[in-house]
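The next block is structure17.pdb, given as PDB, C-alpha atoms, pLDDT in the B column.
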ATOM      1  CA  ARG A 233      56.996  68.947  -9.978  1.00 82.00           C
ATOM      2  CA  LEU A 234      54.974  66.165  -8.494  1.00 84.00           C
ATOM      3  CA  VAL A 235      51.581  67.282  -7.209  1.00 83.00           C
ATOM      4  CA  GLY A 236      48.351  65.688  -6.044  1.00 81.00           C
ATOM      5  CA  ARG A 237      46.697  62.686  -7.622  1.00 84.00           C
ATOM      6  CA  GLU A 238      44.530  63.382 -10.646  1.00 83.00           C
ATOM      7  CA  SER A 239      41.833  61.231  -9.107  1.00 81.00           C
ATOM      8  CA  ASP A 240      41.285  63.251  -5.935  1.00 81.00           C
ATOM      9  CA  GLY A 241      44.095  65.781  -5.469  1.00 79.00           C
ATOM     10  CA  LYS A 242      45.578  63.910  -2.490  1.00 81.00           C
ATOM     11  CA  PHE A 243      49.292  64.434  -1.986  1.00 76.00           C
ATOM     12  CA  GLN A 244      51.698  64.721   0.896  1.00 73.00           C
ATOM     13  CA  SER A 245      50.348  65.443   4.359  1.00 74.00           C
ATOM     14  CA  SER A 246      52.822  68.242   5.062  1.00 76.00           C
ATOM     15  CA  PRO A 247      53.096  70.634   2.107  1.00 74.00           C
ATOM     16  CA  ASP A 248      55.317  72.951   4.180  1.00 78.00           C
ATOM     17  CA  THR A 249      58.198  70.605   3.321  1.00 80.00           C
ATOM     18  CA  ASN A 250      57.667  71.213  -0.414  1.00 80.00           C
ATOM     19  CA  ALA A 251      59.743  74.041  -1.931  1.00 83.00           C
ATOM     20  CA  PHE A 252      57.264  74.690  -4.749  1.00 83.00           C
ATOM     21  CA  TYR A 253      54.448  75.035  -2.218  1.00 84.00           C
ATOM     22  CA  LEU A 254      56.523  77.478  -0.155  1.00 88.00           C
ATOM     23  CA  VAL A 255      57.322  79.667  -3.177  1.00 88.00           C
ATOM     24  CA  LEU A 256      53.622  79.784  -4.105  1.00 88.00           C
ATOM     25  CA  LYS A 257      52.734  80.537  -0.497  1.00 89.00           C
ATOM     26  CA  GLY A 258      55.148  83.483  -0.522  1.00 91.00           C
ATOM     27  CA  PHE A 259      53.719  84.940  -3.726  1.00 92.00           C
ATOM     28  CA  CYS A 260      50.180  84.437  -2.405  1.00 90.00           C
ATOM     29  CA  GLN A 261      51.048  86.323   0.778  1.00 91.00           C
ATOM     30  CA  ILE A 262      52.188  89.173  -1.460  1.00 93.00           C
ATOM     31  CA  GLY A 263      49.078  88.753  -3.639  1.00 93.00           C
ATOM     32  CA  ALA A 264      50.928  89.402  -6.888  1.00 95.00           C
ATOM     33  CA  ILE A 265      53.423  87.789  -9.213  1.00 94.00           C
ATOM     34  CA  PRO A 266      55.501  89.416 -11.955  1.00 94.00           C
ATOM     35  CA  ALA A 267      54.192  88.841 -15.492  1.00 93.00           C
ATOM     36  CA  GLU A 268      57.651  87.692 -16.542  1.00 89.00           C
ATOM     37  CA  ILE A 269      57.373  84.787 -14.114  1.00 89.00           C
ATOM     38  CA  ALA A 270      53.652  84.208 -14.663  1.00 92.00           C
ATOM     39  CA  LYS A 271      54.098  83.370 -18.340  1.00 90.00           C
ATOM     40  CA  ALA A 272      56.576  80.568 -17.658  1.00 87.00           C
ATOM     41  CA  PRO A 273      55.294  77.006 -17.919  1.00 88.00           C
ATOM     42  CA  ILE A 274      55.362  74.946 -14.741  1.00 88.00           C
ATOM     43  CA  ASP A 275      55.621  71.199 -15.009  1.00 87.00           C
ATOM     44  CA  LEU A 276      52.905  69.999 -12.646  1.00 88.00           C
ATOM     45  CA  MET A 277      52.736  66.231 -12.829  1.00 89.00           C
ATOM     46  CA  PRO A 278      50.134  64.316 -10.831  1.00 89.00           C
ATOM     47  CA  ILE A 279      51.755  61.579  -8.769  1.00 89.00           C
ATOM     48  CA  ASP A 280      49.341  58.871  -9.959  1.00 90.00           C
ATOM     49  CA  ARG A 281      49.859  59.759 -13.638  1.00 91.00           C
ATOM     50  CA  SER A 282      53.639  59.669 -13.111  1.00 92.00           C
ATOM     51  CA  ALA A 283      53.483  56.210 -11.560  1.00 93.00           C
ATOM     52  CA  LYS A 284      51.221  54.911 -14.334  1.00 93.00           C
ATOM     53  CA  GLU A 285      53.557  56.237 -17.035  1.00 93.00           C
ATOM     54  CA  VAL A 286      56.640  54.741 -15.388  1.00 94.00           C
ATOM     55  CA  LEU A 287      54.991  51.323 -15.277  1.00 94.00           C
ATOM     56  CA  LEU A 288      53.804  51.564 -18.888  1.00 93.00           C
ATOM     57  CA  LEU A 289      57.202  52.663 -20.163  1.00 94.00           C
ATOM     58  CA  LYS A 290      58.799  49.536 -18.713  1.00 92.00           C
ATOM     59  CA  ARG A 291      57.354  47.822 -21.813  1.00 90.00           C
ATOM     60  CA  CYS A 292      59.395  49.999 -24.169  1.00 89.00           C
ATOM     61  CA  ASP A 293      62.940  49.528 -25.408  1.00 86.00           C
ATOM     62  CA  ALA A 294      64.563  52.879 -24.623  1.00 83.00           C
ATOM     63  CA  VAL A 295      66.636  53.209 -21.492  1.00 80.00           C
ATOM     64  CA  THR A 296      65.790  56.796 -20.554  1.00 88.00           C
ATOM     65  CA  TYR A 297      62.468  58.601 -20.452  1.00 90.00           C
ATOM     66  CA  HIS A 298      61.449  61.971 -19.075  1.00 90.00           C
ATOM     67  CA  ILE A 299      58.236  61.801 -17.090  1.00 91.00           C
ATOM     68  CA  MET A 300      56.815  65.286 -17.230  1.00 91.00           C
ATOM     69  CA  ASN A 301      53.689  67.127 -18.244  1.00 89.00           C
ATOM     70  CA  PRO A 302      53.815  67.615 -22.027  1.00 87.00           C
ATOM     71  CA  LEU A 303      51.228  70.433 -21.814  1.00 88.00           C
ATOM     72  CA  PRO A 304      52.132  72.316 -18.636  1.00 89.00           C
ATOM     73  CA  PRO A 305      50.072  75.212 -17.317  1.00 91.00           C
ATOM     74  CA  THR A 306      51.773  78.547 -16.753  1.00 92.00           C
ATOM     75  CA  ILE A 307      52.787  79.715 -13.306  1.00 91.00           C
ATOM     76  CA  GLY A 308      50.197  82.486 -13.745  1.00 93.00           C
ATOM     77  CA  GLU A 309      47.417  79.945 -14.331  1.00 93.00           C
ATOM     78  CA  VAL A 310      48.407  78.108 -11.173  1.00 92.00           C
ATOM     79  CA  PHE A 311      48.722  81.345  -9.201  1.00 92.00           C
ATOM     80  CA  THR A 312      45.293  82.664 -10.207  1.00 92.00           C
ATOM     81  CA  THR A 313      43.700  79.243  -9.682  1.00 90.00           C
ATOM     82  CA  ILE A 314      44.820  79.340  -6.069  1.00 88.00           C
ATOM     83  CA  SER A 315      43.033  82.645  -5.519  1.00 87.00           C
ATOM     84  CA  LYS A 316      41.091  84.802  -7.940  1.00 88.00           C
ATOM     85  CA  SER A 317      42.354  87.851  -6.020  1.00 92.00           C
ATOM     86  CA  ASN A 318      45.986  87.035  -6.894  1.00 93.00           C
ATOM     87  CA  ARG A 319      47.229  89.450  -9.546  1.00 95.00           C
ATOM     88  CA  ILE A 320      49.701  89.229 -12.389  1.00 97.00           C
ATOM     89  CA  VAL A 321      51.525  92.555 -12.658  1.00 96.00           C
ATOM     90  CA  ASP A 322      54.558  94.086 -14.339  1.00 94.00           C
ATOM     91  CA  MET A 323      57.846  94.049 -12.431  1.00 92.00           C
ATOM     92  CA  ASN A 324      57.653  97.691 -11.312  1.00 93.00           C
ATOM     93  CA  GLU A 325      54.162  97.210  -9.893  1.00 96.00           C
ATOM     94  CA  PHE A 326      55.275  93.955  -8.287  1.00 93.00           C
ATOM     95  CA  TYR A 327      57.997  95.745  -6.341  1.00 91.00           C
ATOM     96  CA  ASN A 328      55.454  98.361  -5.215  1.00 94.00           C
ATOM     97  CA  VAL A 329      53.035  95.637  -4.076  1.00 94.00           C
ATOM     98  CA  LEU A 330      55.931  93.826  -2.385  1.00 90.00           C
ATOM     99  CA  LYS A 331      56.762  96.984  -0.392  1.00 90.00           C
ATOM    100  CA  GLU A 332      53.104  97.395   0.614  1.00 91.00           C
ATOM    101  CA  GLN A 333      52.618  93.744   1.528  1.00 88.00           C
ATOM    102  CA  SER A 334      56.053  93.031   3.011  1.00 83.00           C
ATOM    103  CA  SER A 335      54.686  92.766   6.541  1.00 86.00           C
ATOM    104  CA  LYS A 336      52.414  89.905   5.409  1.00 83.00           C
ATOM    105  CA  LEU A 337      55.257  87.849   3.929  1.00 84.00           C
ATOM    106  CA  GLU A 338      56.643  85.307   6.374  1.00 86.00           C
ATOM    107  CA  ARG A 339      60.309  85.961   7.009  1.00 84.00           C
ATOM    108  CA  SER A 340      61.237  82.394   6.043  1.00 85.00           C
ATOM    109  CA  LEU A 341      59.677  82.894   2.588  1.00 88.00           C
ATOM    110  CA  TRP A 342      61.570  86.080   1.630  1.00 84.00           C
ATOM    111  CA  ALA A 343      64.630  84.252   0.302  1.00 85.00           C
ATOM    112  CA  LEU A 344      62.527  81.753  -1.665  1.00 86.00           C
ATOM    113  CA  VAL A 345      60.479  84.474  -3.331  1.00 87.00           C
ATOM    114  CA  MET A 346      63.482  86.649  -4.149  1.00 85.00           C
ATOM    115  CA  ASN A 347      65.501  83.694  -5.444  1.00 84.00           C
ATOM    116  CA  ASN A 348      62.564  82.710  -7.649  1.00 82.00           C
ATOM    117  CA  ILE A 349      62.317  86.233  -9.048  1.00 82.00           C
ATOM    118  CA  ASN A 350      66.039  86.383  -9.776  1.00 79.00           C
ATOM    119  CA  SER A 351      66.311  82.902 -11.289  1.00 74.00           C
ATOM    120  CA  ASN A 352      63.202  83.292 -13.454  1.00 64.00           C
ATOM    121  CA  ALA A 353      64.321  86.660 -14.775  1.00 53.00           C
ATOM    122  CA  MET A 354      66.801  84.841 -16.989  1.00 49.00           C
ATOM    123  CA  ASN A 355      65.810  82.418 -19.714  1.00 55.00           C
ATOM    124  CA  PRO A 356      67.106  78.932 -18.945  1.00 59.00           C
ATOM    125  CA  ALA A 357      69.905  77.772 -21.226  1.00 60.00           C
ATOM    126  CA  ILE A 358      68.353  74.329 -21.550  1.00 69.00           C
ATOM    127  CA  GLN A 359      64.725  73.739 -22.460  1.00 73.00           C
ATOM    128  CA  VAL A 360      63.681  70.272 -21.322  1.00 77.00           C
ATOM    129  CA  THR A 361      61.192  68.409 -23.497  1.00 82.00           C
ATOM    130  CA  ASN A 362      59.810  64.911 -23.426  1.00 88.00           C
ATOM    131  CA  THR A 363      58.882  64.426 -27.071  1.00 89.00           C
ATOM    132  CA  LYS A 364      60.297  60.887 -27.275  1.00 91.00           C
ATOM    133  CA  THR A 365      58.594  59.930 -24.032  1.00 92.00           C
ATOM    134  CA  THR A 366      55.298  61.380 -25.246  1.00 91.00           C
ATOM    135  CA  GLN A 367      55.631  59.438 -28.506  1.00 92.00           C
ATOM    136  CA  ALA A 368      56.376  56.215 -26.614  1.00 93.00           C
ATOM    137  CA  LEU A 369      53.346  56.772 -24.372  1.00 93.00           C
ATOM    138  CA  GLU A 370      51.140  57.492 -27.387  1.00 93.00           C
ATOM    139  CA  SER A 371      52.266  54.183 -28.916  1.00 93.00           C
ATOM    140  CA  LEU A 372      50.964  52.576 -25.701  1.00 92.00           C
ATOM    141  CA  GLY A 373      47.623  54.373 -26.003  1.00 92.00           C
ATOM    142  CA  ILE A 374      48.283  57.279 -23.613  1.00 91.00           C
ATOM    143  CA  LYS A 375      47.384  60.610 -25.214  1.00 90.00           C
ATOM    144  CA  ALA A 376      49.345  63.729 -24.230  1.00 87.00           C
ATOM    145  CA  GLU A 377      47.127  65.979 -22.157  1.00 87.00           C
ATOM    146  CA  GLY A 378      47.381  68.758 -19.643  1.00 85.00           C
ATOM    147  CA  VAL A 379      46.297  68.592 -16.034  1.00 84.00           C
ATOM    148  CA  ASP A 380      43.235  69.848 -14.229  1.00 84.00           C
ATOM    149  CA  VAL A 381      45.011  72.503 -12.146  1.00 84.00           C
ATOM    150  CA  ASP A 382      42.069  72.783  -9.721  1.00 80.00           C
ATOM    151  CA  MET A 383      42.192  69.063  -8.987  1.00 76.00           C
ATOM    152  CA  VAL A 384      45.939  68.616  -8.601  1.00 72.00           C
ATOM    153  CA  LEU A 385      46.099  71.625  -6.259  1.00 73.00           C
ATOM    154  CA  LYS A 386      42.975  70.596  -4.307  1.00 68.00           C
ATOM    155  CA  GLU A 387      44.815  68.947  -1.424  1.00 67.00           C
ATOM    156  CA  PHE A 388      48.245  70.396  -2.199  1.00 68.00           C
ATOM    157  CA  TRP A 389      47.107  73.934  -1.529  1.00 69.00           C
ATOM    158  CA  LYS A 390      45.506  74.344   1.869  1.00 59.00           C
ATOM    159  CA  GLY A 391      44.283  77.877   1.235  1.00 48.00           C
ATOM    160  CA  GLU A 392      46.887  79.657   3.304  1.00 48.00           C
TER
END

Could you take the file, read its structure, and then write that structure out as structure tokens?
Amino acid sequence: RLVGRESDGKFQSSPDTNAFYLVLKGFCQIGAIPAEIAKAPIDLMPIDRSAKEVLLLKRCDAVTYHIMNPLPPTIGEVFTTISKSNRIVDMNEFYNVLKEQSSKLERSLWALVMNNINSNAMNPAIQVTNTKTTQALESLGIKAEGVDVDMVLKEFWKGE
């Protein structure tokens, strides 16, 4: 998931056209996220880092690379970074909070939130990694590192 630049957090001017933003917005309106979803890694990749890696990898011989964050934060880390009042709860408590907060959830976000809950309840059959890409980048002097979640969400998240 491409997010704001590492340098200043700047990203697209209209985050309401970004599905990831809308899912987060829905969970934030509820104020809670199920622990089962919160523990999942989320590949946040700053747009400027992605561009830099693509240009560097042009020097390498392989045909295919996977530009992604080799040390992704969890969805829970992202969710609680957005607001310290956001809570990670078990599924039963989530449904109780959802009932209590349902009037706060924008109608257009219901399907996104519910689809996210249902799709994340199952473990994906394929786990994507970028080990070869990370090794190629390390050979070019780029060390694998995580992202500063506060920075990459700075402009992406408008505090709604």

Point to revise | 10 Å contact set for Glu338 of chain A, all atoms listed in the file, chain neighbours under 3 positions out, as a list in words | key: Lys257, Gly258, Gln261, Ile262, Ser334, Ser335, Leu341 and Trp342 of chain A

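A straight line drawn from atom CA of Val286 of chain A to atom CA of Met300 of chain A is 10.7 Å long.
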
Review point. Where does the PyMOL selection byres ((chain A and resi 308) around 9) land in this file, that is, which residues does it pick, as a PyMOL selection string?
Key: chain A and resi 265-267+269-273+305-307+309-313+319-320

Point to revise | Residues within 12 Å of Tyr327 of chain A, all atoms listed in the file, excluding chain neighbours under 5 positions, as number ranges by chain | key: A: 259, 262-266, 321-322, 332-334, 345-346, 349

Point to revise | Picked residues, the PyMOL selection byres ((chain A and resi 282) around 10), expected as a PyMOL selection string | key: chain A and resi 234-235+237+277-281+283-288+299-301

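Atom CA of Glu377 of chain A sits 6.1 Å away from atom CA of Leu303 of chain A.
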
**Study point:** For atom CA of Leu372 of chain A and atom CA of Phe243 of chain A, the interatomic separation in Å (one decimal)
**Key:** 26.6 Å

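Evaluated against the shown file, the PyMOL selection byres ((chain A and resi 359-361) around 12) gives Ala272, Pro273, Ile274, Asp275, Tyr297, His298, Ile299, Met300, Asn301, Pro302, Leu303, Pro304, Asn355, Pro356, Ala357, Ile358, Asn362, Thr363, Lys364, Thr365, Thr366 and Gln367 of chain A.
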
Okay, now the selection with C-alpha atoms, as a PDB file, keeping the file's coordinate frame?
ATOM      1  CA  ALA A 272      56.576  80.568 -17.658  1.00 87.00           C
ATOM      2  CA  PRO A 273      55.294  77.006 -17.919  1.00 88.00           C
ATOM      3  CA  ILE A 274      55.362  74.946 -14.741  1.00 88.00           C
ATOM      4  CA  ASP A 275      55.621  71.199 -15.009  1.00 87.00           C
ATOM      5  CA  TYR A 297      62.468  58.601 -20.452  1.00 90.00           C
ATOM      6  CA  HIS A 298      61.449  61.971 -19.075  1.00 90.00           C
ATOM      7  CA  ILE A 299      58.236  61.801 -17.090  1.00 91.00           C
ATOM      8  CA  MET A 300      56.815  65.286 -17.230  1.00 91.00           C
ATOM      9  CA  ASN A 301      53.689  67.127 -18.244  1.00 89.00           C
ATOM     10  CA  PRO A 302      53.815  67.615 -22.027  1.00 87.00           C
ATOM     11  CA  LEU A 303      51.228  70.433 -21.814  1.00 88.00           C
ATOM     12  CA  PRO A 304      52.132  72.316 -18.636  1.00 89.00           C
ATOM     13  CA  ASN A 355      65.810  82.418 -19.714  1.00 55.00           C
ATOM     14  CA  PRO A 356      67.106  78.932 -18.945  1.00 59.00           C
ATOM     15  CA  ALA A 357      69.905  77.772 -21.226  1.00 60.00           C
ATOM     16  CA  ILE A 358      68.353  74.329 -21.550  1.00 69.00           C
ATOM     17  CA  ASN A 362      59.810  64.911 -23.426  1.00 88.00           C
ATOM     18  CA  THR A 363      58.882  64.426 -27.071  1.00 89.00           C
ATOM     19  CA  LYS A 364      60.297  60.887 -27.275  1.00 91.00           C
ATOM     20  CA  THR A 365      58.594  59.930 -24.032  1.00 92.00           C
ATOM     21  CA  THR A 366      55.298  61.380 -25.246  1.00 91.00           C
ATOM     22  CA  GLN A 367      55.631  59.438 -28.506  1.00 92.00           C
TER      23      GLN A 367
END

Practice item. Check the smallest atom-to-atom distance from each of A:Leu289, A:Phe326, A:Phe252, A:Asn318 to Gly373 of chain A using all atoms listed in the file, then report the winner. Key: A:Leu289

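If all atoms listed in the file are the atoms counted, then among A:Leu385, A:Val329, A:Arg291, A:Glu268 the closest residue to Pro247 of chain A is A:Leu385.
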
Expected file content for segment 247-260 of chain A, all heavy atoms, as a tab-separated table (two decimals), in the first residue's frame:
chain	number	residue	atom	x	y	z
A	247	PRO	N	-7.58	11.74	-0.10
A	247	PRO	CA	-7.50	10.37	0.43
A	247	PRO	C	-8.83	9.62	0.35
A	247	PRO	O	-8.84	8.40	0.42
A	247	PRO	CB	-7.05	10.57	1.87
A	247	PRO	CG	-7.40	11.97	2.21
A	247	PRO	CD	-7.34	12.75	0.93
A	248	ASP	N	-9.95	10.32	0.19
A	248	ASP	CA	-11.24	9.64	0.11
A	248	ASP	C	-11.39	8.79	-1.14
A	248	ASP	O	-12.40	8.11	-1.31
A	248	ASP	CB	-12.39	10.64	0.21
A	248	ASP	CG	-12.69	11.03	1.65
A	248	ASP	OD1	-12.58	10.16	2.53
A	248	ASP	OD2	-13.02	12.20	1.89
A	249	THR	N	-10.39	8.81	-2.02
A	249	THR	CA	-10.41	7.91	-3.18
A	249	THR	C	-9.52	6.69	-2.94
A	249	THR	O	-9.34	5.88	-3.83
A	249	THR	CB	-9.92	8.65	-4.45
A	249	THR	OG1	-8.58	9.08	-4.24
A	249	THR	CG2	-10.81	9.84	-4.77
A	250	ASN	N	-8.98	6.56	-1.74
A	250	ASN	CA	-8.07	5.48	-1.39
A	250	ASN	C	-8.80	4.46	-0.52
A	250	ASN	O	-9.26	4.78	0.57
A	250	ASN	CB	-6.85	6.07	-0.66
A	250	ASN	CG	-5.79	5.06	-0.37
A	250	ASN	OD1	-6.00	4.13	0.41
A	250	ASN	ND2	-4.63	5.24	-0.97
A	251	ALA	N	-8.90	3.22	-0.99
A	251	ALA	CA	-9.66	2.19	-0.27
A	251	ALA	C	-9.09	1.92	1.12
A	251	ALA	O	-9.85	1.74	2.07
A	251	ALA	CB	-9.71	0.90	-1.09
A	252	PHE	N	-7.78	1.88	1.24
A	252	PHE	CA	-7.16	1.64	2.54
A	252	PHE	C	-7.54	2.75	3.53
A	252	PHE	O	-7.91	2.49	4.67
A	252	PHE	CB	-5.64	1.55	2.39
A	252	PHE	CG	-4.89	1.42	3.68
A	252	PHE	CD1	-5.13	0.35	4.53
A	252	PHE	CD2	-3.93	2.34	4.05
A	252	PHE	CE1	-4.44	0.21	5.73
A	252	PHE	CE2	-3.23	2.22	5.24
A	252	PHE	CZ	-3.49	1.16	6.08
A	253	TYR	N	-7.50	3.98	3.07
A	253	TYR	CA	-7.90	5.12	3.90
A	253	TYR	C	-9.35	4.95	4.36
A	253	TYR	O	-9.67	5.17	5.53
A	253	TYR	CB	-7.73	6.42	3.12
A	253	TYR	CG	-8.24	7.63	3.85
A	253	TYR	CD1	-7.44	8.30	4.76
A	253	TYR	CD2	-9.54	8.11	3.64
A	253	TYR	CE1	-7.90	9.42	5.44
A	253	TYR	CE2	-10.00	9.22	4.31
A	253	TYR	CZ	-9.18	9.88	5.21
A	253	TYR	OH	-9.64	10.97	5.88
A	254	LEU	N	-10.22	4.56	3.45
A	254	LEU	CA	-11.64	4.43	3.78
A	254	LEU	C	-11.90	3.32	4.80
A	254	LEU	O	-12.73	3.48	5.69
A	254	LEU	CB	-12.47	4.21	2.51
A	254	LEU	CG	-12.49	5.40	1.55
A	254	LEU	CD1	-13.19	5.04	0.25
A	254	LEU	CD2	-13.15	6.62	2.19
A	255	VAL	N	-11.17	2.21	4.68
A	255	VAL	CA	-11.31	1.13	5.66
A	255	VAL	C	-10.86	1.63	7.04
A	255	VAL	O	-11.56	1.43	8.04
A	255	VAL	CB	-10.53	-0.13	5.24
A	255	VAL	CG1	-10.46	-1.14	6.37
A	255	VAL	CG2	-11.16	-0.75	4.00
A	256	LEU	N	-9.71	2.30	7.09
A	256	LEU	CA	-9.23	2.85	8.36
A	256	LEU	C	-10.22	3.86	8.93
A	256	LEU	O	-10.49	3.88	10.13
A	256	LEU	CB	-7.87	3.53	8.19
A	256	LEU	CG	-6.67	2.63	8.13
A	256	LEU	CD1	-5.41	3.44	7.86
A	256	LEU	CD2	-6.50	1.84	9.42
A	257	LYS	N	-10.77	4.68	8.07
A	257	LYS	CA	-11.74	5.69	8.49
A	257	LYS	C	-12.96	5.01	9.13
A	257	LYS	O	-13.45	5.44	10.18
A	257	LYS	CB	-12.17	6.53	7.28
A	257	LYS	CG	-13.11	7.66	7.61
A	257	LYS	CD	-13.40	8.46	6.34
A	257	LYS	CE	-14.38	9.56	6.60
A	257	LYS	NZ	-14.68	10.34	5.38
A	258	GLY	N	-13.41	3.91	8.52
A	258	GLY	CA	-14.55	3.18	9.08
A	258	GLY	C	-14.24	2.62	10.46
A	258	GLY	O	-15.02	2.79	11.40
A	259	PHE	N	-13.09	1.97	10.60
A	259	PHE	CA	-12.72	1.43	11.91
A	259	PHE	C	-12.54	2.55	12.93
A	259	PHE	O	-12.90	2.39	14.10
A	259	PHE	CB	-11.45	0.57	11.82
A	259	PHE	CG	-11.70	-0.82	11.31
A	259	PHE	CD1	-11.17	-1.24	10.10
A	259	PHE	CD2	-12.47	-1.72	12.04
A	259	PHE	CE1	-11.40	-2.52	9.63
A	259	PHE	CE2	-12.71	-3.01	11.57
A	259	PHE	CZ	-12.16	-3.41	10.36
A	260	CYS	N	-12.00	3.68	12.51
A	260	CYS	CA	-11.82	4.80	13.45
A	260	CYS	C	-13.17	5.37	13.88
A	260	CYS	O	-13.32	5.81	15.03
A	260	CYS	CB	-10.95	5.89	12.83
A	260	CYS	SG	-9.21	5.42	12.78
